[in-house]
>>> print(open('model_5.pdb').read())   # PDB, C-alpha atoms, pLDDT in the B column
ATOM      1  CA  MET A   1     243.981 127.869 -43.056  1.00 70.00           C
ATOM      2  CA  ARG A   2     240.879 126.504 -44.721  1.00 79.00           C
ATOM      3  CA  LYS A   3     240.619 126.263 -48.471  1.00 82.00           C
ATOM      4  CA  SER A   4     237.389 128.242 -48.358  1.00 84.00           C
ATOM      5  CA  THR A   5     239.118 131.153 -46.609  1.00 88.00           C
ATOM      6  CA  VAL A   6     241.862 131.272 -49.215  1.00 89.00           C
ATOM      7  CA  GLN A   7     239.361 131.013 -52.065  1.00 89.00           C
ATOM      8  CA  LYS A   8     237.209 133.777 -50.586  1.00 91.00           C
ATOM      9  CA  GLY A   9     240.241 136.048 -50.261  1.00 92.00           C
ATOM     10  CA  LYS A  10     241.260 135.316 -53.836  1.00 92.00           C
ATOM     11  CA  GLY A  11     237.743 136.133 -55.031  1.00 94.00           C
ATOM     12  CA  THR A  12     237.672 139.386 -53.099  1.00 94.00           C
ATOM     13  CA  VAL A  13     240.987 140.468 -54.607  1.00 95.00           C
ATOM     14  CA  GLU A  14     239.913 139.494 -58.141  1.00 95.00           C
ATOM     15  CA  GLU A  15     236.666 141.368 -57.747  1.00 94.00           C
ATOM     16  CA  ALA A  16     238.421 144.501 -56.478  1.00 96.00           C
ATOM     17  CA  VAL A  17     240.998 144.408 -59.275  1.00 96.00           C
ATOM     18  CA  GLY A  18     238.219 143.870 -61.801  1.00 96.00           C
ATOM     19  CA  LYS A  19     236.344 146.916 -60.505  1.00 95.00           C
ATOM     20  CA  ALA A  20     239.498 149.050 -60.429  1.00 97.00           C
ATOM     21  CA  THR A  21     240.525 148.150 -63.959  1.00 96.00           C
ATOM     22  CA  GLY A  22     237.036 148.037 -65.433  1.00 95.00           C
ATOM     23  CA  ASP A  23     237.438 144.350 -66.295  1.00 95.00           C
ATOM     24  CA  ALA A  24     233.896 142.996 -65.930  1.00 96.00           C
ATOM     25  CA  ARG A  25     234.993 139.413 -66.552  1.00 96.00           C
ATOM     26  CA  LEU A  26     237.607 139.491 -63.763  1.00 96.00           C
ATOM     27  CA  GLU A  27     235.059 141.084 -61.435  1.00 95.00           C
ATOM     28  CA  ALA A  28     232.527 138.350 -62.244  1.00 96.00           C
ATOM     29  CA  ASP A  29     235.155 135.643 -61.747  1.00 95.00           C
ATOM     30  CA  GLY A  30     235.931 137.135 -58.339  1.00 95.00           C
ATOM     31  CA  LYS A  31     232.263 137.082 -57.369  1.00 95.00           C
ATOM     32  CA  ALA A  32     232.009 133.472 -58.521  1.00 96.00           C
ATOM     33  CA  ASP A  33     235.044 132.523 -56.423  1.00 94.00           C
ATOM     34  CA  ARG A  34     233.541 134.187 -53.363  1.00 94.00           C
ATOM     35  CA  MET A  35     230.235 132.351 -53.819  1.00 95.00           C
ATOM     36  CA  ALA A  36     232.053 129.037 -54.293  1.00 94.00           C
ATOM     37  CA  ALA A  37     234.049 129.734 -51.141  1.00 93.00           C
ATOM     38  CA  GLU A  38     230.872 130.322 -49.155  1.00 93.00           C
ATOM     39  CA  ALA A  39     229.464 127.010 -50.395  1.00 94.00           C
ATOM     40  CA  ARG A  40     232.723 125.242 -49.534  1.00 93.00           C
ATOM     41  CA  ALA A  41     232.657 126.780 -46.040  1.00 92.00           C
ATOM     42  CA  ALA A  42     229.135 125.459 -45.495  1.00 94.00           C
ATOM     43  CA  ILE A  43     230.233 121.990 -46.571  1.00 93.00           C
ATOM     44  CA  GLU A  44     233.239 122.194 -44.226  1.00 91.00           C
ATOM     45  CA  ARG A  45     230.931 123.116 -41.319  1.00 93.00           C
ATOM     46  CA  VAL A  46     228.671 120.143 -42.045  1.00 95.00           C
ATOM     47  CA  HIS A  47     231.697 117.861 -42.269  1.00 94.00           C
ATOM     48  CA  GLU A  48     233.030 119.107 -38.931  1.00 93.00           C
ATOM     49  CA  SER A  49     229.622 118.625 -37.301  1.00 94.00           C
ATOM     50  CA  ALA A  50     229.424 115.066 -38.616  1.00 95.00           C
ATOM     51  CA  LYS A  51     232.909 114.291 -37.306  1.00 94.00           C
ATOM     52  CA  LYS A  52     231.980 115.713 -33.891  1.00 93.00           C
ATOM     53  CA  ALA A  53     228.780 113.669 -33.784  1.00 92.00           C
ATOM     54  CA  ARG A  54     230.722 110.529 -34.743  1.00 92.00           C
ATOM     55  CA  ASP A  55     233.335 111.202 -32.054  1.00 90.00           C
ATOM     56  CA  ASP A  56     230.626 111.839 -29.450  1.00 89.00           C
ATOM     57  CA  MET A  57     229.061 108.481 -30.292  1.00 89.00           C
ATOM     58  CA  LYS A  58     232.407 106.695 -29.855  1.00 85.00           C
ATOM     59  CA  ARG A  59     232.958 107.996 -26.313  1.00 77.00           C
ATOM     60  CA  PRO A  60     232.281 105.344 -23.687  1.00 72.00           C
ATOM     61  CA  GLY A  61     229.604 106.197 -21.173  1.00 63.00           C
ATOM     62  CA  SER A  62     227.888 108.753 -23.369  1.00 52.00           C
TER      63      SER A  62
END
>>> encode(input="model_5.pdb", output="structure tokens")
Amino acid sequence: MRKSTVQKGKGTVEEAVGKATGDARLEADGKADRMAAEARAAIERVHESAKKARDDMKRPGS
């Protein structure tokens, strides 16, 4: 499982608990975790694309 997926889940749970308990700080922390997870996911996609491009260049006859 990707780190971004775990972080996004953690943020979602924190945000929900913050809303349920009226804890604005916990809710904001959850939102921040979700946003950080989305950024991490984008970076992971770029990294995977770069690895694929590198591997495609290494193939003989390409």
>>> resolve_selection(input="model_5.pdb", expression="the PyMOL selection byres ((chain A and resi 37) around 9)", output="ChimeraX atom specification")
/A:3-9,11,32-36,38-42
>>> atom_distance(input="model_5.pdb", atom1="atom CA of Ala16 of chain A", atom2="atom CA of Ala28 of chain A")
10.3 Å
>>> atom_distance(input="model_5.pdb", atom1="atom CA of Lys31 of chain A", atom2="atom CA of Ile43 of chain A")
18.7 Å
>>> atom_distance(input="model_5.pdb", atom1="atom CA of Lys10 of chain A", atom2="atom CA of Arg25 of chain A")
14.8 Å
>>> residues_around(input="model_5.pdb", residues="Glu14 of chain A", least_positions_apart="4", cutoff="7 Å", atoms="all atoms listed in the file", output="JSON, numbers by chain")
{"A": [10, 18, 26, 27, 30]}
>>> build_atoms(input="model_5.pdb", residues="segment 15-35 of chain A", atoms="N, CA and C atoms", output="PDB file, keeping the file's coordinate frame")
ATOM      1  N   GLU A  15     237.799 140.465 -57.558  1.00 94.00           N
ATOM      2  CA  GLU A  15     236.666 141.368 -57.747  1.00 94.00           C
ATOM      3  C   GLU A  15     237.111 142.828 -57.640  1.00 94.00           C
ATOM      4  N   ALA A  16     237.942 143.129 -56.655  1.00 96.00           N
ATOM      5  CA  ALA A  16     238.421 144.501 -56.478  1.00 96.00           C
ATOM      6  C   ALA A  16     239.277 144.949 -57.658  1.00 96.00           C
ATOM      7  N   VAL A  17     240.154 144.068 -58.124  1.00 96.00           N
ATOM      8  CA  VAL A  17     240.998 144.408 -59.275  1.00 96.00           C
ATOM      9  C   VAL A  17     240.130 144.600 -60.517  1.00 96.00           C
ATOM     10  N   GLY A  18     239.125 143.743 -60.669  1.00 96.00           N
ATOM     11  CA  GLY A  18     238.219 143.870 -61.801  1.00 96.00           C
ATOM     12  C   GLY A  18     237.482 145.193 -61.797  1.00 96.00           C
ATOM     13  N   LYS A  19     237.021 145.616 -60.612  1.00 95.00           N
ATOM     14  CA  LYS A  19     236.344 146.916 -60.505  1.00 95.00           C
ATOM     15  C   LYS A  19     237.304 148.057 -60.806  1.00 95.00           C
ATOM     16  N   ALA A  20     238.519 147.973 -60.265  1.00 97.00           N
ATOM     17  CA  ALA A  20     239.498 149.050 -60.429  1.00 97.00           C
ATOM     18  C   ALA A  20     239.939 149.209 -61.878  1.00 97.00           C
ATOM     19  N   THR A  21     240.040 148.091 -62.583  1.00 96.00           N
ATOM     20  CA  THR A  21     240.525 148.150 -63.959  1.00 96.00           C
ATOM     21  C   THR A  21     239.395 148.198 -64.985  1.00 96.00           C
ATOM     22  N   GLY A  22     238.168 148.035 -64.517  1.00 95.00           N
ATOM     23  CA  GLY A  22     237.036 148.037 -65.433  1.00 95.00           C
ATOM     24  C   GLY A  22     236.877 146.723 -66.181  1.00 95.00           C
ATOM     25  N   ASP A  23     237.498 145.680 -65.669  1.00 95.00           N
ATOM     26  CA  ASP A  23     237.438 144.350 -66.295  1.00 95.00           C
ATOM     27  C   ASP A  23     236.247 143.592 -65.702  1.00 95.00           C
ATOM     28  N   ALA A  24     235.127 143.617 -66.423  1.00 96.00           N
ATOM     29  CA  ALA A  24     233.896 142.996 -65.930  1.00 96.00           C
ATOM     30  C   ALA A  24     234.049 141.483 -65.760  1.00 96.00           C
ATOM     31  N   ARG A  25     234.818 140.865 -66.639  1.00 96.00           N
ATOM     32  CA  ARG A  25     234.993 139.413 -66.552  1.00 96.00           C
ATOM     33  C   ARG A  25     235.766 139.032 -65.278  1.00 96.00           C
ATOM     34  N   LEU A  26     236.827 139.761 -64.969  1.00 96.00           N
ATOM     35  CA  LEU A  26     237.607 139.491 -63.763  1.00 96.00           C
ATOM     36  C   LEU A  26     236.752 139.741 -62.518  1.00 96.00           C
ATOM     37  N   GLU A  27     235.959 140.783 -62.552  1.00 95.00           N
ATOM     38  CA  GLU A  27     235.059 141.084 -61.435  1.00 95.00           C
ATOM     39  C   GLU A  27     234.049 139.953 -61.241  1.00 95.00           C
ATOM     40  N   ALA A  28     233.490 139.456 -62.331  1.00 96.00           N
ATOM     41  CA  ALA A  28     232.527 138.350 -62.244  1.00 96.00           C
ATOM     42  C   ALA A  28     233.199 137.068 -61.761  1.00 96.00           C
ATOM     43  N   ASP A  29     234.420 136.813 -62.222  1.00 95.00           N
ATOM     44  CA  ASP A  29     235.155 135.643 -61.747  1.00 95.00           C
ATOM     45  C   ASP A  29     235.402 135.733 -60.236  1.00 95.00           C
ATOM     46  N   GLY A  30     235.714 136.926 -59.771  1.00 95.00           N
ATOM     47  CA  GLY A  30     235.931 137.135 -58.339  1.00 95.00           C
ATOM     48  C   GLY A  30     234.672 136.861 -57.539  1.00 95.00           C
ATOM     49  N   LYS A  31     233.532 137.336 -58.046  1.00 95.00           N
ATOM     50  CA  LYS A  31     232.263 137.082 -57.369  1.00 95.00           C
ATOM     51  C   LYS A  31     231.959 135.590 -57.346  1.00 95.00           C
ATOM     52  N   ALA A  32     232.246 134.917 -58.451  1.00 96.00           N
ATOM     53  CA  ALA A  32     232.009 133.472 -58.521  1.00 96.00           C
ATOM     54  C   ALA A  32     232.896 132.732 -57.525  1.00 96.00           C
ATOM     55  N   ASP A  33     234.144 133.146 -57.396  1.00 94.00           N
ATOM     56  CA  ASP A  33     235.044 132.523 -56.423  1.00 94.00           C
ATOM     57  C   ASP A  33     234.539 132.732 -54.996  1.00 94.00           C
ATOM     58  N   ARG A  34     234.061 133.940 -54.706  1.00 94.00           N
ATOM     59  CA  ARG A  34     233.541 134.187 -53.363  1.00 94.00           C
ATOM     60  C   ARG A  34     232.321 133.315 -53.057  1.00 94.00           C
ATOM     61  N   MET A  35     231.421 133.185 -54.029  1.00 95.00           N
ATOM     62  CA  MET A  35     230.235 132.351 -53.819  1.00 95.00           C
ATOM     63  C   MET A  35     230.620 130.877 -53.643  1.00 95.00           C
TER      64      MET A  35
END
